[in-house]
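Only one structure is covered here, and it is reproduced in the block below.
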Amino acid sequence: MSSQDQNPQTMPDEKGFFGPYGGRFVPPPLEPPLEELTAGFLKYRADPEFEAELAREYQHYSGRPTPLYHAERYSEHLGFRVLLKREDLNHLGAHKLNNCLGQALLARRMGKKKIIAETGAGQHGVATAAVAARLGLECDIYMGEEDMRRQSPNVTRIRLMGARVVPATSGDRTLTAAVDEAIGAWVAEAETAYYLLGSVVGPHPYPLMVRHFQSVIGREARAQVLEQFDRLPDLITACAGGGSNAIGLFHEFLGDDSVRMVGVEAAGSGVDTDRHAATLTTGKPAVIHGMNTYCIPDDAVTHEGSHCIAAGLDYPGIGPEHSYLKDSGRVQYEAVTDTEVLAAFATLCRLEGIIPALESSHALAYAEKLKGTLDADSLVIINLSGRGDKDMDEFMLRLAEKDAASAAGVPGHGKGAFC
Ligand SMILES: *Cc1c(COP(=O)(O)O)cnc(C)c1O
């Protein structure tokens, strides 16, 4: 449990509303399985045996606690002290497993035999397939046909771990199709199947439950910074797609008024273009995917290709608690462009010998903007949500594009080289 679970500022009401955001906006057939899930979660969340079981999995399967690493050369570069929360060192290379382990253990406690999940870029599908294998549960991963083609190594990983990949063929044959078809399958099999959602989004109880399982990040980080530096950080920051690694870091610090928090979104090619995923920076509240939250209207962005360089941040909504924290002003949200992200990515590689995920590099790109605004003994925690080995192809592609652009003398390219 987190100390913040007693803080009324951080708890949704019993219908899952954080202020006006969140809730449960679903067709009637989804109500009973979501009610059953809410009851199961609330029961086991408070069960010390369940907590101990999860703690064992975090330690022995995932390799937690992850280090809070004082990046000295990177600190020197930025002009203030930077601590990286190394979620990239989890099994499978990202924070996603924290949530998947929690929910899979819950599924088993609830007597479910099968896990259903949808995946876009495939990372959540891989983490879900892994925990299903670990616990001996049957597993169906729904994936848009188009995404299966684009993300074929993840399809292979999922199959290797014994899960079935179900191609979603409706509509745009990407994430929306996969969500629709996976939910349909869950309603049909709710008696025996568990729906495992990958971020702090969707209808109640998912935003609350996924936060609960990801808040291990901030719980560890807070204890580690107190132990290593004997004080709280001045600022903590994380990238936000759906918002689970960000809320996972922030949650435990929400009661510490002296700690500034910044969530970083993907501005893609720029927030004034039609290729970005900067939900809180540019969007407005509406109902999407079963919740009320800020989202980017359909006609504001193009649906061809990706909106930003990091597939894991390419989501038109955001967790409802982030909408609430934006309005209340407790958390500040900023957006950084692909170009800024690539530069920050390369800087960390070169100065620390750590290849960060392009998603995580959004938080690094924001830190670059703090240069000159903080004094030398300021303490900043950056959540390194994942490792970047998966992003080598994307990086090489962008590098080639950039070289081509600068050779052709395209203005705005070829400056501020990132390698
Ligand atoms: C999936 C992913 C994200 C985005 O998801 P959140 O729910 O916003 O945390 C960020 N970083 C990495 C490495 C990811 O794999």
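Residues are referred to by chain and number: the chain letter is A, B, ... according to the order shown in the structure tokens, the number counts from 1 in that chain, and ligands are numbered separately from 1 in the order shown.
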* Residue contacts of Ile236 in chain A (6 Å, only C-alpha atoms) excluding same-chain residues fewer than 4 positions away, as a ChimeraX atom specification -> /A:261,380-382
* **Contacts to ligand 1 at 9 Å cut-off (only C-alpha atoms and all ligand atoms) as a ChimeraX atom specification** => /A:87-88,93-96,121,123-124,198-201,238-248,265,310-315,318-319,356-361,384-388
* Among the residues of range 247-323 of chain A, find those DSSP assigns to strand (DSSP E or B) from the backbone and print them as an MDAnalysis selection string. => chainID A and resid 260:268 277 284:288 291:295
Would you mind exporting N, CA, C and O atoms of the selected residues as a CSV table (one decimal), in the first residue's frame?
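Okay, result11.csv is ready:
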```
chain,number,residue,atom,x,y,z
A,260,ARG,N,8.2,19.5,-7.4
A,260,ARG,CA,7.6,19.8,-8.6
A,260,ARG,C,7.5,18.6,-9.5
A,260,ARG,O,8.4,17.8,-9.5
A,261,MET,N,6.4,18.5,-10.3
A,261,MET,CA,6.2,17.3,-11.1
A,261,MET,C,5.9,17.7,-12.5
A,261,MET,O,5.1,18.6,-12.7
A,262,VAL,N,6.5,17.1,-13.5
A,262,VAL,CA,6.3,17.4,-14.9
A,262,VAL,C,6.1,16.2,-15.7
A,262,VAL,O,6.9,15.3,-15.7
A,263,GLY,N,4.9,16.1,-16.4
A,263,GLY,CA,4.7,15.0,-17.3
A,263,GLY,C,5.0,15.5,-18.7
A,263,GLY,O,4.7,16.6,-19.1
A,264,VAL,N,5.6,14.6,-19.5
A,264,VAL,CA,6.1,15.1,-20.8
A,264,VAL,C,5.4,14.3,-22.0
A,264,VAL,O,5.5,13.1,-22.0
A,265,GLU,N,4.8,15.1,-22.8
A,265,GLU,CA,4.0,14.4,-23.9
A,265,GLU,C,4.8,14.6,-25.2
A,265,GLU,O,5.8,15.3,-25.3
A,266,ALA,N,4.3,13.8,-26.3
A,266,ALA,CA,5.0,13.8,-27.6
A,266,ALA,C,4.4,14.9,-28.5
A,266,ALA,O,3.3,14.8,-28.9
A,267,ALA,N,5.2,15.9,-28.8
A,267,ALA,CA,4.8,16.9,-29.7
A,267,ALA,C,5.1,16.5,-31.2
A,267,ALA,O,4.8,17.2,-32.1
A,268,GLY,N,5.7,15.3,-31.4
A,268,GLY,CA,5.9,14.8,-32.7
A,268,GLY,C,6.6,15.8,-33.6
A,268,GLY,O,7.7,16.3,-33.3
A,277,ALA,N,1.1,13.8,-30.5
A,277,ALA,CA,0.3,13.0,-29.5
A,277,ALA,C,0.2,13.8,-28.2
A,277,ALA,O,0.2,13.2,-27.1
A,284,LYS,N,-9.0,18.6,-25.6
A,284,LYS,CA,-10.0,19.0,-24.7
A,284,LYS,C,-10.8,17.8,-24.2
A,284,LYS,O,-10.8,16.7,-24.8
A,285,PRO,N,-11.5,18.0,-23.0
A,285,PRO,CA,-12.2,16.8,-22.4
A,285,PRO,C,-13.3,16.3,-23.3
A,285,PRO,O,-14.0,17.0,-23.9
A,286,ALA,N,-13.4,14.9,-23.3
A,286,ALA,CA,-14.5,14.2,-24.0
A,286,ALA,C,-14.5,12.8,-23.5
A,286,ALA,O,-13.5,12.4,-22.8
A,287,VAL,N,-15.5,12.1,-23.9
A,287,VAL,CA,-15.5,10.6,-23.5
A,287,VAL,C,-14.8,9.8,-24.6
A,287,VAL,O,-15.1,10.0,-25.8
A,288,ILE,N,-13.8,9.0,-24.2
A,288,ILE,CA,-13.1,8.2,-25.1
A,288,ILE,C,-12.7,6.9,-24.3
A,288,ILE,O,-12.3,7.0,-23.2
A,291,MET,N,-13.9,6.4,-20.7
A,291,MET,CA,-13.6,7.4,-19.6
A,291,MET,C,-13.8,8.8,-20.1
A,291,MET,O,-13.8,9.0,-21.3
A,292,ASN,N,-14.0,9.7,-19.2
A,292,ASN,CA,-14.0,11.1,-19.6
A,292,ASN,C,-12.6,11.7,-19.3
A,292,ASN,O,-12.1,11.6,-18.1
A,293,THR,N,-11.9,12.2,-20.3
A,293,THR,CA,-10.6,12.7,-20.1
A,293,THR,C,-10.2,13.7,-21.3
A,293,THR,O,-10.9,13.7,-22.3
A,294,TYR,N,-9.1,14.4,-21.1
A,294,TYR,CA,-8.6,15.1,-22.3
A,294,TYR,C,-8.3,14.2,-23.4
A,294,TYR,O,-7.8,13.1,-23.2
A,295,CYS,N,-8.7,14.6,-24.7
A,295,CYS,CA,-8.2,13.8,-25.8
A,295,CYS,C,-8.1,14.7,-27.0
A,295,CYS,O,-8.6,15.8,-27.1
```
* Excluding range 349-352 of chain A and any residue of its chain fewer than 4 positions from it, enumerate the residues within 8 Å of it, using only C-alpha atoms, and give them as a list in words. => Ala71, Arg73, Tyr74, Phe345 and Pro356 of chain A
* Return the single residue from A:Gly40, A:Pro297, A:Pro207, A:Gly184 that is closest to Gly111 in chain A, with distances computed using only C-alpha atoms. =>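 Of A:Gly40, A:Pro297, A:Pro207, A:Gly184, the one nearest Gly111 in chain A, counting only C-alpha atoms, is A:Gly40.
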* Distance query range 177-181 of chain A at most 8 Å, only C-alpha atoms, self and fewer than 5 positions along chain excluded, as a list of chain:residue names ->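 In the requested format, the answer is A:Glu118, A:Thr119, A:Gly120, A:Tyr142, A:Met143, A:Gly144, A:Pro167, A:Ala168, A:Thr169, A:Ser170, A:Gly171, A:Asp172.
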Using the selection just defined, write its residues with all heavy atoms as a compact mmCIF listing (two decimals), in the first residue's frame.
```txt
# COMPACT_ATOMS: atom_id res chain seq x y z
N GLU A 118 -5.12 -6.39 -25.54
CA GLU A 118 -4.87 -5.87 -26.88
C GLU A 118 -3.52 -5.17 -26.85
O GLU A 118 -3.04 -4.76 -25.81
CB GLU A 118 -5.98 -4.91 -27.30
CG GLU A 118 -5.73 -3.45 -26.99
CD GLU A 118 -5.92 -3.10 -25.53
OE1 GLU A 118 -6.75 -3.76 -24.86
OE2 GLU A 118 -5.26 -2.16 -25.07
N THR A 119 -2.91 -5.08 -28.03
CA THR A 119 -1.62 -4.39 -28.07
C THR A 119 -1.50 -3.64 -29.39
O THR A 119 -2.03 -4.09 -30.41
CB THR A 119 -0.46 -5.39 -27.85
OG1 THR A 119 0.74 -4.67 -27.60
CG2 THR A 119 -0.26 -6.30 -29.06
N GLY A 120 -0.83 -2.50 -29.37
CA GLY A 120 -0.61 -1.73 -30.59
C GLY A 120 0.80 -1.98 -31.07
O GLY A 120 1.04 -2.78 -31.98
N TYR A 142 -4.83 -9.61 -28.84
CA TYR A 142 -5.45 -9.04 -30.05
C TYR A 142 -4.56 -7.95 -30.60
O TYR A 142 -4.13 -7.06 -29.86
CB TYR A 142 -6.85 -8.50 -29.72
CG TYR A 142 -7.84 -9.61 -29.50
CD1 TYR A 142 -7.83 -10.33 -28.30
CD2 TYR A 142 -8.73 -9.98 -30.50
CE1 TYR A 142 -8.70 -11.39 -28.10
CE2 TYR A 142 -9.61 -11.04 -30.31
CZ TYR A 142 -9.59 -11.74 -29.11
OH TYR A 142 -10.45 -12.79 -28.93
N MET A 143 -4.31 -8.04 -31.89
CA MET A 143 -3.41 -7.09 -32.51
C MET A 143 -3.93 -6.77 -33.90
O MET A 143 -4.32 -7.69 -34.64
CB MET A 143 -2.02 -7.75 -32.57
CG MET A 143 -0.88 -6.80 -32.75
SD MET A 143 0.68 -7.64 -32.37
CE MET A 143 1.81 -6.34 -32.80
N GLY A 144 -3.98 -5.49 -34.26
CA GLY A 144 -4.41 -5.11 -35.61
C GLY A 144 -3.53 -5.78 -36.65
O GLY A 144 -2.32 -5.90 -36.45
N PRO A 167 -5.43 -11.78 -34.99
CA PRO A 167 -5.40 -10.60 -35.86
C PRO A 167 -6.74 -9.87 -35.83
O PRO A 167 -7.78 -10.51 -35.96
CB PRO A 167 -5.16 -11.19 -37.27
CG PRO A 167 -4.99 -12.66 -37.11
CD PRO A 167 -5.47 -13.05 -35.75
N ALA A 168 -6.70 -8.55 -35.61
CA ALA A 168 -7.92 -7.75 -35.64
C ALA A 168 -8.03 -7.14 -37.04
O ALA A 168 -7.12 -6.44 -37.49
CB ALA A 168 -7.89 -6.67 -34.57
N THR A 169 -9.14 -7.44 -37.70
CA THR A 169 -9.24 -7.12 -39.14
C THR A 169 -10.24 -6.01 -39.43
O THR A 169 -10.42 -5.64 -40.59
CB THR A 169 -9.65 -8.38 -39.92
OG1 THR A 169 -10.85 -8.89 -39.32
CG2 THR A 169 -8.57 -9.44 -39.84
N SER A 170 -10.90 -5.49 -38.37
CA SER A 170 -11.93 -4.48 -38.64
C SER A 170 -11.30 -3.10 -38.82
O SER A 170 -10.15 -2.86 -38.43
CB SER A 170 -12.95 -4.45 -37.49
OG SER A 170 -12.30 -4.19 -36.27
N GLY A 171 -12.06 -2.18 -39.38
CA GLY A 171 -11.70 -0.76 -39.49
C GLY A 171 -10.30 -0.53 -40.02
O GLY A 171 -9.92 -1.02 -41.07
N ASP A 172 -9.50 0.22 -39.21
CA ASP A 172 -8.17 0.62 -39.65
C ASP A 172 -7.12 -0.48 -39.46
O ASP A 172 -5.96 -0.29 -39.75
CB ASP A 172 -7.74 1.88 -38.89
CG ASP A 172 -7.71 1.64 -37.37
OD1 ASP A 172 -8.07 0.52 -36.92
OD2 ASP A 172 -7.32 2.55 -36.65
```
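CA of Pro320 in chain A to CA of Phe18 in chain A spans 6.9 Å [interatomic distance, one decimal].
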* Rounded to one decimal in Å, what is the spacing between CA of Arg81 in chain A and CA of Arg330 in chain A? -> 22.7 Å
